[in-house]
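Chemist: To start, I am sharing the structure in question, which I have written as structure tokens.
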Amino acid sequence: MVCRIRFRKDGRLKFLSHLELLKAWDRAFRREEVPLVFSGGFSPRPLMTFALPSAVGICDLAGYMDVQIEDGFDISRLLRIKGLPDGLEVLDVKEVDEVKVSLMSLVHSVDYVIEGDMSALERLKSEQPLPFVRINKRGRRHERDARDYLLRMEWGEHALRVQLLAGSEQSIRVNELLEAVTGDREAHVRFQVTRWEVYDKEGRSLWEH
Amino acid sequence: MRDSTLKRVRKPARYIGGEVGSIVKDRKDVRVHMAFAFPDLYEVGMSHLGLHLLYSLINSHEAFFCERVFAPDKDLEEIIRNEEEELSTLETSTPLRNVDIIGFTLQYELSYTNILNMLDMAGIPLRSQHRTEEMPLIIAGGPCAFNPEPIAPFIDLFVVGDGEEVIVELLKLYEGRESKADFLRKACQIRGVYVPAFYEEKYEEGEFVGHGVLYDPAPYPVQKALVKSLESHHHPLRHIVPFMDVVHDRAFTEIFRGCTQGCRFCQAGMIYRPVRERSKEQVLESALRLLDEGGYEEVALTSLSSLDHSEIREIVEELHESVKDRKIRMSLPSLRLDSFSLDVLRLVSGAKRSSLTFAPEAGTQRMRDVINKNVEEDDIFSSAKALFEEGWNKLKLYFMLGLPTETFEDVKGIEETAKRLRALYRETTGKDRLQLNISTSYLIPKPFTPFQWMAMTPRDVVEQRQHYLSKALRAKQFSYSYHEGTSSNLEAVLARGSRKISDVIETAFRLGATFDGWNDYFRWEIWLQAFKKWDIDLEKELGERSLDESLPWEIIDPGVTKNYLQREYFKALEEETTPDCRGLCHGCGINSQRTGGICFGVQNPL
């Protein structure tokens with residue numbers, strides 16, 4: 001069966017890379033004796049997929065993953081899983097039908113909350129374009145405008161909530177947005193970013209899907 | 001460590017702590033606060049069993065708290081040196097200079113400049129004599145402590161030999177101390193403890209002639225600490241489970257300590273005698289608990305020569321039964337090339353796609369006899385044939401160059417061994433799918449081995465031989481690897497040095513040497529400058545020692561006698577072997593009253 005999990009990743013663990021996060025889950029499941037289904041071949045791996053890769057340095061309140069587990073396992077046990085490192089938490093679980101469409105392909109946009117010095121982000125309030133450069137694998141530079149990826153903005157006194165395109169066709173990373181707005185590649189160091197929710201094409205939370 | 005720092009460095013997972021199995025205590029509740037300092041990156045240090053063992057042992061005492069600290073990578077170092085961050089412990093981010101005791105582990109000599117670098121980053125004076133009462137006590141232990149002299153001026157106290165019992169005694173003593181000096185005077189009475197400040201080097205006409213004892217009660221020589229039985233000892237049931245990929249990312253359980261093979265180049269085999277086995281029951285309990293508590297995908301049974309454990313077959317069989325349905329791999333490093341290995345290997349796993357590693361060490365039987373590597377020609381080829389028949393096609397073979405009495409014939413022997421194995425594979429399987437990985441290392445004559453008196457073979461000779469092999473082994477079935485010779489020369493100088501080498505190490509560090517064990521960072525020119533500054537004659541340092549001269553490391557007594565080492569040295573020159581001492585005692589000295597009279601399966605004690 002496929003179990004869909006909504007999880008939180010924050011605190012110090014926001015610094016885990018995607019592979020490190022995968023390994024942390026794999027080991028947590030093994031400790032809990034969750035009967036994972038493994039891939040075949042010489043290096044059997046648990047069958048886990050994620051909606052979005054873990055971004056190093058970003059807290060995640062809307063982590064979504066699908067994991068294949070042997071039938072007969074009571075998935076509510078995952079809500080009470082012991083021995084998770086501090087900073088990882090299972091928020092919700094549900095069984096989903098054998099997945100014909102991967103979690104990753106459902107992703108259309110993502111909500112981020114950005115905290116820090118809001119005055120540095122003033123340019124967002126205007127209509128000015130926000131150019132940034134993406135260098136592709138072959139080393140070619142492409143100029144892009146971050147505004148093309150920005151769907152919504154909500155300003156608070158010390159925080160900003162933005163909805164950014166994140167699907168396979170068009171996506172922007174939050175660090176790219178910050179670079180585009182401030183002109184500084186290292187701007188992300190000065191802000192705290194949290195992934196707040198992930199939406200599909202219809203604007204529904206991935207969890208509703 | 002601040003978030004903004006962590007966002008600026010590569011692999012921040014190294015510096016965050018918070019792993020399952022890590023232990024956090026309130027510093028206010030403990031009496032002694034220690035930092036276990038591994039002088040290399042997190043991913044190297046977390047693969048070291050000793051760290052997990054001592055961490056778990058010390059923390060099991062309520063009054064003590066042991067944290068970890070590793071060498072920062074260069075990007076973090078820059079931030080620390082710009083005073084934007086402190087070098088601090090992993091569990092509570094305590095700046096290193098604020099702990100009571102810093103314990104460095106000396107796993108390999110090329111890590112010495114990292115020790116100085118970490119002290120420097122922490123704002124602690126490098127030399128013991130410059131440190132004040134409030135500064136942490138700096139201690140060190142591990143295999144390199146058997147020649148502590150090159151770093152003696154930087155370390156307040158060495159633990160030589162098995163650390164488990166001594167460290168607890170030391171912490172208890174430290175708790176009740178009146179001052180550091182008072183502590184050191186009492187500590188030196190504990191067997192295995194070496195306090196450099198209580199001894200001085202004596203020279204006559206510029207030649208080292210021995211040590212003088214400055215504080216009368218200090219022992220001379222210093223006997224190594226020896227744990228009599230591993231059974232009764234604390235063995236951790238939890239390790240700290242890393243988040244990131246570390247060099248050896250698995251549960252590991254020590255199955256025995258020491259070795260009876262008597263290979264003449266091997267320092268570990270000499271200094272860790274006698275053999276002390278862990279019982280099958282304990283090994284299994286330990287391995288299974290580590291897997292359950294950690295969630296690892298692999299478990300390794302470690303020792304110097306796995307198949308020598310008296311119950312190895314049963315251990316492997318029973319462990320295999322327990323883990324076969326859990327998609328957990330078993331790993332058995334340090335294998336022998338003989339028929340017994342095969343029986344055991346068949347049980348290890350069906351994963352014949354993985355590579356098997358063996359260490360014939362020499363390419364001709366003559367040379368194997370000289371180094372006392374008890375592997376016969378027949379063993380190699382008949383075992384290989386059986387492995388090939390069972391489906392293994394990936395082998396890694398370790399050899400050494402620069403062995404005593406080595407000639408070009410011996411080098412050709414390596415080439416011939418490889419070619420014969422290739423032919424054997426074709427004959428046995430009818431296919432050409434053998435992948436043979438050959439690796440040669442450059443022999444360093446280490447202290448407390450029978451080869452300790454020999455000169456290190458000159459680098460240009462070894463380089464010629466490496467060059468020959470890289471041409472001779474150019475084929476699709478072979479891959480050949482070797483290291484740059486200069487770092488081996490440095491390792492030899494550091495391993496065989498006296499206290500005067502400490503000046504060289506400090507100078508090299510000040511000139512920018514760190515991470516000398518890493519190819520990308522090692523700079524020989526820096527060390528040449530440091531040698532020059534202190535008038536060190538490299539040829540002399542790497543050269544032969546006479547059989548009756550005093551050696552700097554003789555301040556330590558490893559239990560094995562000088563007489564035994566010399567006998568083995570002469571036997572080597574005569575190409576005579578010495579069999580495994582489980583069958584017959586050869587009187588190495590460990591089985592004597594001084595070491596409590598224990599030894600493994602002694603038939604004819606001398």
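Starting from 1 in every chain, residues are counted up; chains themselves are A, B, ... following the order of the structure tokens, and ligands are numbered from 1 as listed.
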Give me, as an MDAnalysis selection string, the contact residues of chain A against chain B at a cut-off of 12 Å, counting only C-alpha atoms.
Modeler: chainID A and resid 10:46 55:59 82:88 116 175 185:193
Chemist: With DSSP run on the backbone, what are the alpha helix (DSSP H) residues within segment 52-182 of chain B? I'd like them as a PyMOL selection string.
Modeler: chain B and resi 52-59+74-81+112-121+164-175+180-182
Chemist: Find the residues around segment 158-174 of chain A up to 7 Å (only C-alpha atoms counted), leave out those fewer than 5 positions away in its own chain, and share them as a PyMOL selection string.
Modeler: chain A and resi 105+107-118+149-153
Chemist: Using only C-alpha atoms, which of B:Pro450, B:Gly587, B:Gly50, B:Pro552 sits nearest His239 of chain B?
Modeler: B:Gly50
Chemist: Set the distance at 10 Å and use only C-alpha atoms: which residues neighbour Arg134 of chain A once local chain neighbours fewer than 4 positions away are removed? I'd like the list as a compact mmCIF listing (two decimals) with N, CA and C atoms, in the first residue's frame.
Modeler:
# COMPACT_ATOMS: atom_id res chain seq x y z
N GLY A 139 26.16 25.62 -19.12
CA GLY A 139 26.86 26.88 -18.83
C GLY A 139 26.27 28.08 -19.52
N ARG A 140 25.11 27.87 -20.15
CA ARG A 140 24.50 29.03 -20.84
C ARG A 140 23.68 29.84 -19.87
N ARG A 141 23.74 31.14 -19.98
CA ARG A 141 23.02 32.04 -19.09
C ARG A 141 21.66 32.37 -19.67
N HIS A 142 20.65 32.27 -18.80
CA HIS A 142 19.31 32.71 -19.22
C HIS A 142 18.85 33.78 -18.28
N GLU A 143 18.36 34.91 -18.83
CA GLU A 143 17.83 35.97 -17.98
C GLU A 143 16.36 35.73 -17.79
N ARG A 144 15.97 35.84 -16.53
CA ARG A 144 14.56 35.62 -16.24
C ARG A 144 14.05 36.76 -15.37
N ILE A 172 10.63 28.53 -9.52
CA ILE A 172 11.70 29.40 -9.02
C ILE A 172 12.02 28.99 -7.60
N GLU A 176 16.49 32.26 -5.29
CA GLU A 176 16.58 33.03 -6.54
C GLU A 176 15.73 34.30 -6.44
Chemist: Which neighbours of Ile590 of chain B fall inside 7 Å, counting only C-alpha atoms, when residues of the same chain fewer than 5 positions from it are skipped, and could you give them as a list in words?
Modeler: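 In the requested format, the answer is Arg273, Pro274, Gly559, Val560 and Thr595 of chain B.
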Chemist: Would you please give, as a VMD selection string, all residues of segment 71-136 of chain A that DSSP assigns to strand (DSSP E) based on the backbone?
Modeler: chain A and resid 88 to 96 109 to 115 131 to 135
Chemist: Store the residues picked out above, limited to N, CA, C and O atoms, as a compact mmCIF listing (two decimals), in the first residue's frame.
Modeler:
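selection.txt, written as the output of this step:
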# COMPACT_ATOMS: atom_id res chain seq x y z
N LEU A 88 12.14 16.56 13.24
CA LEU A 88 11.32 15.83 12.26
C LEU A 88 10.05 15.39 12.97
O LEU A 88 10.10 14.88 14.09
N GLU A 89 8.91 15.58 12.31
CA GLU A 89 7.66 15.16 12.94
C GLU A 89 6.66 14.72 11.88
O GLU A 89 6.55 15.37 10.84
N VAL A 90 5.95 13.65 12.16
CA VAL A 90 4.88 13.21 11.26
C VAL A 90 3.63 13.98 11.65
O VAL A 90 3.17 13.90 12.79
N LEU A 91 3.07 14.76 10.70
CA LEU A 91 1.90 15.58 11.03
C LEU A 91 0.59 14.87 10.70
O LEU A 91 -0.41 15.02 11.39
N ASP A 92 0.59 14.13 9.62
CA ASP A 92 -0.63 13.45 9.21
C ASP A 92 -0.28 12.28 8.29
O ASP A 92 0.73 12.31 7.58
N VAL A 93 -1.16 11.27 8.31
CA VAL A 93 -0.93 10.12 7.42
C VAL A 93 -2.25 9.71 6.78
O VAL A 93 -3.31 9.86 7.38
N LYS A 94 -2.18 9.21 5.57
CA LYS A 94 -3.37 8.59 4.97
C LYS A 94 -2.93 7.61 3.90
O LYS A 94 -1.86 7.73 3.32
N GLU A 95 -3.82 6.68 3.65
CA GLU A 95 -3.52 5.70 2.60
C GLU A 95 -4.01 6.28 1.29
O GLU A 95 -5.06 6.90 1.23
N VAL A 96 -3.23 6.09 0.23
CA VAL A 96 -3.69 6.55 -1.08
C VAL A 96 -3.72 5.37 -2.04
O VAL A 96 -3.02 4.38 -1.82
N SER A 109 2.45 25.07 -7.24
CA SER A 109 3.00 26.27 -6.59
C SER A 109 3.23 26.00 -5.12
O SER A 109 2.69 25.05 -4.55
N VAL A 110 4.03 26.87 -4.52
CA VAL A 110 4.40 26.69 -3.11
C VAL A 110 4.30 28.02 -2.37
O VAL A 110 4.68 29.06 -2.91
N ASP A 111 3.77 27.96 -1.14
CA ASP A 111 3.73 29.14 -0.27
C ASP A 111 4.97 29.14 0.61
O ASP A 111 5.29 28.14 1.26
N TYR A 112 5.64 30.31 0.65
CA TYR A 112 6.78 30.46 1.56
C TYR A 112 6.51 31.63 2.48
O TYR A 112 5.92 32.64 2.06
N VAL A 113 6.98 31.53 3.71
CA VAL A 113 6.96 32.69 4.59
C VAL A 113 8.41 33.10 4.78
O VAL A 113 9.27 32.28 5.13
N ILE A 114 8.67 34.36 4.52
CA ILE A 114 10.03 34.88 4.61
C ILE A 114 10.08 35.87 5.76
O ILE A 114 9.30 36.82 5.80
N GLU A 115 10.98 35.63 6.71
CA GLU A 115 11.11 36.55 7.84
C GLU A 115 12.48 37.18 7.85
O GLU A 115 13.46 36.54 7.47
N PRO A 131 14.96 40.97 -12.42
CA PRO A 131 15.76 40.05 -13.23
C PRO A 131 16.70 39.19 -12.39
O PRO A 131 17.22 39.65 -11.37
N PHE A 132 16.87 37.98 -12.82
CA PHE A 132 17.90 37.13 -12.23
C PHE A 132 18.41 36.22 -13.33
O PHE A 132 17.77 36.08 -14.39
N VAL A 133 19.58 35.63 -13.05
CA VAL A 133 20.21 34.81 -14.09
C VAL A 133 20.22 33.35 -13.66
O VAL A 133 20.54 33.02 -12.53
N ARG A 134 19.85 32.51 -14.60
CA ARG A 134 19.96 31.08 -14.34
C ARG A 134 20.99 30.54 -15.30
O ARG A 134 20.94 30.83 -16.50
N ILE A 135 21.89 29.72 -14.78
CA ILE A 135 22.91 29.12 -15.66
C ILE A 135 22.55 27.65 -15.83
O ILE A 135 22.45 26.92 -14.85
Chemist: For Ile102 of chain B, work out the shell of residues within 7 Å, counting only C-alpha atoms and skipping chain neighbours fewer than 3 positions away, then give it as a list in words.
Modeler: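 The residues satisfying every condition are Met34, Ala35, Phe36, Ala37, Pro136, Leu137, Ile138 and Ile139 of chain B.
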Chemist: Based on the selection just made, write all heavy atoms of those residues as a PDB file, in the first residue's frame.
Modeler:
ATOM      1  N   MET B  34      33.744  17.139  29.208  1.00  0.00           N
ATOM      2  CA  MET B  34      34.837  16.797  28.300  1.00  0.00           C
ATOM      3  C   MET B  34      34.405  16.919  26.850  1.00  0.00           C
ATOM      4  O   MET B  34      33.235  16.693  26.530  1.00  0.00           O
ATOM      5  CB  MET B  34      35.263  15.363  28.592  1.00  0.00           C
ATOM      6  CG  MET B  34      36.288  14.822  27.659  1.00  0.00           C
ATOM      7  SD  MET B  34      36.995  13.279  28.242  1.00  0.00           S
ATOM      8  CE  MET B  34      37.622  12.665  26.674  1.00  0.00           C
ATOM      9  N   ALA B  35      35.353  17.232  25.981  1.00  0.00           N
ATOM     10  CA  ALA B  35      35.079  17.230  24.542  1.00  0.00           C
ATOM     11  C   ALA B  35      35.976  16.186  23.883  1.00  0.00           C
ATOM     12  O   ALA B  35      37.193  16.252  24.021  1.00  0.00           O
ATOM     13  CB  ALA B  35      35.332  18.605  23.940  1.00  0.00           C
ATOM     14  N   PHE B  36      35.374  15.224  23.206  1.00  0.00           N
ATOM     15  CA  PHE B  36      36.143  14.247  22.440  1.00  0.00           C
ATOM     16  C   PHE B  36      36.429  14.909  21.104  1.00  0.00           C
ATOM     17  O   PHE B  36      35.506  15.224  20.343  1.00  0.00           O
ATOM     18  CB  PHE B  36      35.310  12.970  22.250  1.00  0.00           C
ATOM     19  CG  PHE B  36      36.053  11.843  21.576  1.00  0.00           C
ATOM     20  CD1 PHE B  36      36.432  10.723  22.301  1.00  0.00           C
ATOM     21  CD2 PHE B  36      36.373  11.896  20.221  1.00  0.00           C
ATOM     22  CE1 PHE B  36      37.105   9.665  21.677  1.00  0.00           C
ATOM     23  CE2 PHE B  36      37.048  10.860  19.599  1.00  0.00           C
ATOM     24  CZ  PHE B  36      37.421   9.734  20.339  1.00  0.00           C
ATOM     25  N   ALA B  37      37.691  15.151  20.833  1.00  0.00           N
ATOM     26  CA  ALA B  37      38.046  15.908  19.635  1.00  0.00           C
ATOM     27  C   ALA B  37      38.682  14.998  18.600  1.00  0.00           C
ATOM     28  O   ALA B  37      39.753  14.435  18.824  1.00  0.00           O
ATOM     29  CB  ALA B  37      39.023  17.023  20.015  1.00  0.00           C
ATOM     30  N   PRO B 136      41.534  24.453  29.410  1.00  0.00           N
ATOM     31  CA  PRO B 136      41.222  23.028  29.493  1.00  0.00           C
ATOM     32  C   PRO B 136      42.487  22.173  29.561  1.00  0.00           C
ATOM     33  O   PRO B 136      43.536  22.547  29.045  1.00  0.00           O
ATOM     34  CB  PRO B 136      40.481  22.732  28.178  1.00  0.00           C
ATOM     35  CG  PRO B 136      40.177  24.027  27.552  1.00  0.00           C
ATOM     36  CD  PRO B 136      41.039  25.068  28.168  1.00  0.00           C
ATOM     37  N   LEU B 137      42.355  21.032  30.186  1.00  0.00           N
ATOM     38  CA  LEU B 137      43.403  20.025  30.184  1.00  0.00           C
ATOM     39  C   LEU B 137      43.377  19.360  28.803  1.00  0.00           C
ATOM     40  O   LEU B 137      42.307  19.017  28.296  1.00  0.00           O
ATOM     41  CB  LEU B 137      43.086  18.974  31.251  1.00  0.00           C
ATOM     42  CG  LEU B 137      44.127  17.894  31.483  1.00  0.00           C
ATOM     43  CD1 LEU B 137      45.301  18.474  32.273  1.00  0.00           C
ATOM     44  CD2 LEU B 137      43.520  16.718  32.232  1.00  0.00           C
ATOM     45  N   ILE B 138      44.552  19.186  28.193  1.00  0.00           N
ATOM     46  CA  ILE B 138      44.594  18.585  26.857  1.00  0.00           C
ATOM     47  C   ILE B 138      45.185  17.186  26.973  1.00  0.00           C
ATOM     48  O   ILE B 138      46.336  17.015  27.382  1.00  0.00           O
ATOM     49  CB  ILE B 138      45.473  19.425  25.896  1.00  0.00           C
ATOM     50  CG1 ILE B 138      45.076  20.895  25.944  1.00  0.00           C
ATOM     51  CG2 ILE B 138      45.406  18.878  24.470  1.00  0.00           C
ATOM     52  CD1 ILE B 138      43.678  21.203  25.445  1.00  0.00           C
ATOM     53  N   ILE B 139      44.363  16.187  26.644  1.00  0.00           N
ATOM     54  CA  ILE B 139      44.847  14.808  26.704  1.00  0.00           C
ATOM     55  C   ILE B 139      44.735  14.168  25.328  1.00  0.00           C
ATOM     56  O   ILE B 139      44.030  14.695  24.453  1.00  0.00           O
ATOM     57  CB  ILE B 139      44.091  13.971  27.765  1.00  0.00           C
ATOM     58  CG1 ILE B 139      42.644  13.719  27.366  1.00  0.00           C
ATOM     59  CG2 ILE B 139      44.170  14.645  29.129  1.00  0.00           C
ATOM     60  CD1 ILE B 139      41.886  12.844  28.366  1.00  0.00           C
TER      61      ILE B 139
END
Chemist: Mind checking which residues fall within 9 Å of Leu469 of chain B, counting only C-alpha atoms, ignoring those fewer than 4 positions away in the same chain, and posting them as a list in words?
Modeler: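 Contacts, with the query itself left out: Val411, Lys412, Ile414, Glu415, Gln464, Arg465, Leu473, Arg474 and Tyr480 of chain B.
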Chemist: Take the residues just selected and output them with N, CA, C and O atoms as a compact mmCIF listing (two decimals), in the first residue's frame.
Modeler:
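out.txt, written as the output of this step:
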# COMPACT_ATOMS: atom_id res chain seq x y z
N VAL B 411 58.50 -6.98 -7.28
CA VAL B 411 57.55 -6.08 -7.92
C VAL B 411 56.89 -6.81 -9.09
O VAL B 411 55.67 -6.77 -9.27
N LYS B 412 57.70 -7.50 -9.85
CA LYS B 412 57.15 -8.29 -10.96
C LYS B 412 56.16 -9.32 -10.42
O LYS B 412 55.19 -9.68 -11.08
N ILE B 414 54.03 -8.97 -8.20
CA ILE B 414 52.69 -8.37 -8.08
C ILE B 414 52.00 -8.43 -9.44
O ILE B 414 50.83 -8.82 -9.58
N GLU B 415 52.76 -8.06 -10.45
CA GLU B 415 52.21 -8.10 -11.81
C GLU B 415 51.79 -9.53 -12.18
O GLU B 415 50.70 -9.76 -12.72
N GLN B 464 59.76 4.49 -8.96
CA GLN B 464 60.06 3.72 -10.16
C GLN B 464 59.20 2.46 -10.20
O GLN B 464 58.69 2.07 -11.25
N ARG B 465 59.08 1.83 -9.05
CA ARG B 465 58.30 0.60 -9.00
C ARG B 465 56.82 0.83 -9.23
O ARG B 465 56.15 0.06 -9.90
N LEU B 473 50.18 -2.96 -15.48
CA LEU B 473 48.80 -3.33 -15.16
C LEU B 473 47.78 -2.54 -15.96
O LEU B 473 46.65 -2.34 -15.53
N ARG B 474 48.20 -2.11 -17.13
CA ARG B 474 47.27 -1.37 -17.96
C ARG B 474 46.46 -2.37 -18.78
O ARG B 474 46.94 -2.90 -19.77
N TYR B 480 44.88 0.12 -11.09
CA TYR B 480 45.99 0.18 -10.14
C TYR B 480 46.01 1.54 -9.46
O TYR B 480 45.91 2.57 -10.13
Chemist: One decimal, in Å: what's the spacing between atom CA of Lys25 of chain B and atom CA of Val99 of chain B?
Modeler: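 Pair atom CA of Lys25 of chain B / atom CA of Val99 of chain B returns 13.4 Å.
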Chemist: Quote the spacing between atom CA of Ile444 of chain B and atom CA of Met400 of chain B in Å to one decimal place.
Modeler: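 Calculated distance between atom CA of Ile444 of chain B and atom CA of Met400 of chain B is 9.8 Å.
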Chemist: Which is closer to Pro129 of chain A than all the others in A:Gln68, A:Gly156, A:Met104, A:Leu177, using only C-alpha atoms?
Modeler: A:Leu177
Chemist: Using only C-alpha atoms, find the one residue out of A:Tyr199, A:Trp155, A:Phe73, A:Phe7 that sits nearest to Lys125 of chain A.
Modeler: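 The closest residue to Lys125 of chain A is A:Trp155.
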Chemist: So how many Å separate atom CA of Asp26 of chain B and atom CA of Ile124 of chain B, to one decimal?
Modeler: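 Atom CA of Ile124 of chain B lies at a distance of 24.0 Å from atom CA of Asp26 of chain B.
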